[in-house]
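Written out below as structure tokens is the structure these notes cover.
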Amino acid sequence: MGEITTPFSIKHWSEKDRPREKLLQRGHAVLSDAELLAILIGSGSRNESAVALCKRILASVDNNLNQLGKMELGDLLQFKGIGEAKAVTILAALELGRRRRMGEALQKKKINSSASVFELMQPIISELPHEEFWIIYLNNANKVLQTAQLSKGGITGTLVDVRLAFKNALQLGAVALIVAHNHPSGTLHPSQADKDLTQKLKKAGESLDIKVLDHLIITEKAYFSFADENLL
């Protein structure tokens with residue numbers, strides 16, 4: 001049987017307005033966010049074109065791609081016309097975007113300020129709906145040896161194994177490290193647990209001659225630096 005098309009189908013559109021053809025003829029920069037998303041999912045539903053469906057998805061997050069990046073599989077599956085395969089495709093594309101931003105930050109490699117730490121870590125953890133705790137291991141020139149997730153928690157916190165943090169540092173030959181975690185709530189105020197953990201890491205580092213240079217709390221658009229605030 002041939003494919004059934006409806007008046008809602010993109011097949012009824014002028015060729016120059018179809019997202020794929022538009023991209024091929026005029027380049028990707030001219031496409032709207034909804035059109036780019038529509039290319040990923042390929043088709044809509046019987047009563048809605050792929051572009052209309054994607055406009056509806058984007059409208060649910062106020063057309064904010066950062067908010068779209070926070071959506072999880074279950075959120076996308078709530079939309080009629082989005083099955084598991086389409087949802088996975090969208091999530092994969094968003095993750096590639098995050099990794100591209102991370103790759104651009106990593107090219108610099110050298111950490112010389114709290115701002116450079118934020119630039120490195122913001123693409124990785126700022127949009128997550130749960131807390132993650134990461135460590136940046138540095139050599140004696142403050143160049144990044146490795147970034148590693150140490151723990152992953154819930155909405156309000158995460159447990160950190162200090163021994164594992166320094167075991168990795170010794171294996172890498174790191175002389176310094178910087179820790180960072182996100183606050184899904186958006187608050188930049190360190191909790192008492194954040195302060196206690198920072199001091200615990202600092203004391204452990206002193207006994208191994210490994211400096212803890214900073215601890216950053218990261219949100220989507222801003223950060224709090226323990227070093228900048230003289231809390232180290």
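Going through the structure tokens in order, the chains are called A, B, and so on, while each chain numbers its residues from 1 and the ligands are numbered from 1 in the order shown.
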Residues within 12 Å of Gln171 (chain A), only C-alpha atoms, excluding chain neighbours under 4 positions, as number ranges by chain
A: 137, 145-146, 164-167, 175
Using only C-alpha atoms, what does the table of region 187-222 of chain A residues within 12 Å of region 52-71 of chain A look like, with each row giving the shortest atom pair and its distance in Å to one decimal, sorted by chain and ascending number, as a tab-separated table?
residue	atom	partner	partner_atom	distance
A:Thr219	CA	A:Asn66	CA	11.8
A:Glu220	CA	A:Asn66	CA	8.4
A:Lys221	CA	A:Asn66	CA	10.5
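Among the candidates A:Ala204, A:Ile82, A:Ala141, A:Leu150, the one nearest to Glu48 (chain A) when counting only C-alpha atoms is A:Ile82.
In terms of minimum interatomic distance to Arg98 (chain A), A:Gln122 ranks closest within A:Gln122, A:Asn182, A:Ser191, A:Thr147, counting only C-alpha atoms.
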Per DSSP on the backbone, what are the helix (DSSP H, G or I) residues of region 79-118 of chain A, as a PyMOL selection string?
chain A and resi 84-106+114-118
Could you please take those selected residues and save C-alpha atoms as a PDB file, in the first residue's frame?
ATOM      1  CA  GLU A  84       9.919   6.283  21.317  1.00  0.00           C
ATOM      2  CA  ALA A  85      12.030   6.333  18.125  1.00  0.00           C
ATOM      3  CA  LYS A  86      11.328  10.020  17.449  1.00  0.00           C
ATOM      4  CA  ALA A  87      11.879  10.955  21.086  1.00  0.00           C
ATOM      5  CA  VAL A  88      15.223   9.140  21.156  1.00  0.00           C
ATOM      6  CA  THR A  89      16.270  10.935  17.949  1.00  0.00           C
ATOM      7  CA  ILE A  90      15.505  14.331  19.497  1.00  0.00           C
ATOM      8  CA  LEU A  91      17.362  13.474  22.715  1.00  0.00           C
ATOM      9  CA  ALA A  92      20.372  12.247  20.735  1.00  0.00           C
ATOM     10  CA  ALA A  93      20.497  15.472  18.710  1.00  0.00           C
ATOM     11  CA  LEU A  94      20.314  17.586  21.869  1.00  0.00           C
ATOM     12  CA  GLU A  95      23.110  15.580  23.451  1.00  0.00           C
ATOM     13  CA  LEU A  96      25.283  16.071  20.367  1.00  0.00           C
ATOM     14  CA  GLY A  97      24.710  19.812  20.698  1.00  0.00           C
ATOM     15  CA  ARG A  98      25.823  19.710  24.316  1.00  0.00           C
ATOM     16  CA  ARG A  99      28.920  17.716  23.423  1.00  0.00           C
ATOM     17  CA  ARG A 100      29.822  20.141  20.665  1.00  0.00           C
ATOM     18  CA  ARG A 101      29.716  23.011  23.150  1.00  0.00           C
ATOM     19  CA  MET A 102      31.796  20.969  25.567  1.00  0.00           C
ATOM     20  CA  GLY A 103      34.337  20.224  22.822  1.00  0.00           C
ATOM     21  CA  GLU A 104      34.668  23.912  22.005  1.00  0.00           C
ATOM     22  CA  ALA A 105      35.351  24.693  25.670  1.00  0.00           C
ATOM     23  CA  LEU A 106      37.863  21.855  25.979  1.00  0.00           C
ATOM     24  CA  SER A 114      36.491  30.739  37.592  1.00  0.00           C
ATOM     25  CA  ALA A 115      34.950  32.016  34.352  1.00  0.00           C
ATOM     26  CA  SER A 116      36.978  29.508  32.350  1.00  0.00           C
ATOM     27  CA  VAL A 117      35.727  26.717  34.627  1.00  0.00           C
ATOM     28  CA  PHE A 118      32.149  27.874  34.048  1.00  0.00           C
TER      29      PHE A 118
END
Give me, as a PyMOL selection string, the residues of region 31-181 of chain A that a backbone DSSP run labels strand (DSSP E or B).
chain A and resi 45+48+110+132-138+143-152+176-181
Those residues you just picked out, can you put them in a file as a PDB file, in the first residue's frame with C-alpha atoms?
ATOM      1  CA  SER A  45       0.617  12.452  12.720  1.00  0.00           C
ATOM      2  CA  GLU A  48      -0.688  17.349  12.108  1.00  0.00           C
ATOM      3  CA  LYS A 110      43.959  25.793  30.280  1.00  0.00           C
ATOM      4  CA  GLU A 132      25.927  15.922  39.328  1.00  0.00           C
ATOM      5  CA  PHE A 133      29.334  16.406  40.892  1.00  0.00           C
ATOM      6  CA  TRP A 134      32.330  16.734  38.535  1.00  0.00           C
ATOM      7  CA  ILE A 135      36.063  17.146  39.002  1.00  0.00           C
ATOM      8  CA  ILE A 136      38.556  18.841  36.715  1.00  0.00           C
ATOM      9  CA  TYR A 137      42.073  17.440  37.153  1.00  0.00           C
ATOM     10  CA  LEU A 138      44.947  19.803  36.316  1.00  0.00           C
ATOM     11  CA  LYS A 143      46.010  22.509  31.876  1.00  0.00           C
ATOM     12  CA  VAL A 144      43.127  20.060  31.973  1.00  0.00           C
ATOM     13  CA  LEU A 145      44.206  16.440  32.266  1.00  0.00           C
ATOM     14  CA  GLN A 146      40.690  15.088  32.565  1.00  0.00           C
ATOM     15  CA  THR A 147      37.134  16.029  33.492  1.00  0.00           C
ATOM     16  CA  ALA A 148      35.201  13.298  35.269  1.00  0.00           C
ATOM     17  CA  GLN A 149      31.796  12.789  36.831  1.00  0.00           C
ATOM     18  CA  LEU A 150      32.286  11.691  40.415  1.00  0.00           C
ATOM     19  CA  SER A 151      28.660  11.251  41.391  1.00  0.00           C
ATOM     20  CA  LYS A 152      25.092  11.681  40.231  1.00  0.00           C
ATOM     21  CA  ALA A 176      45.518  20.378  41.460  1.00  0.00           C
ATOM     22  CA  LEU A 177      41.813  19.950  40.987  1.00  0.00           C
ATOM     23  CA  ILE A 178      38.643  21.980  40.742  1.00  0.00           C
ATOM     24  CA  VAL A 179      35.249  20.644  41.706  1.00  0.00           C
ATOM     25  CA  ALA A 180      31.906  21.708  40.296  1.00  0.00           C
ATOM     26  CA  HIS A 181      28.311  20.746  40.720  1.00  0.00           C
TER      27      HIS A 181
END
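The space separating CA of Ile217 (chain A) from CA of Leu188 (chain A) comes to 6.4 Å.
Closest approach to Lys195 (chain A) among A:Asn168, A:Ser32, A:Asn230, A:Ser43: A:Asn230, based on only C-alpha atoms.
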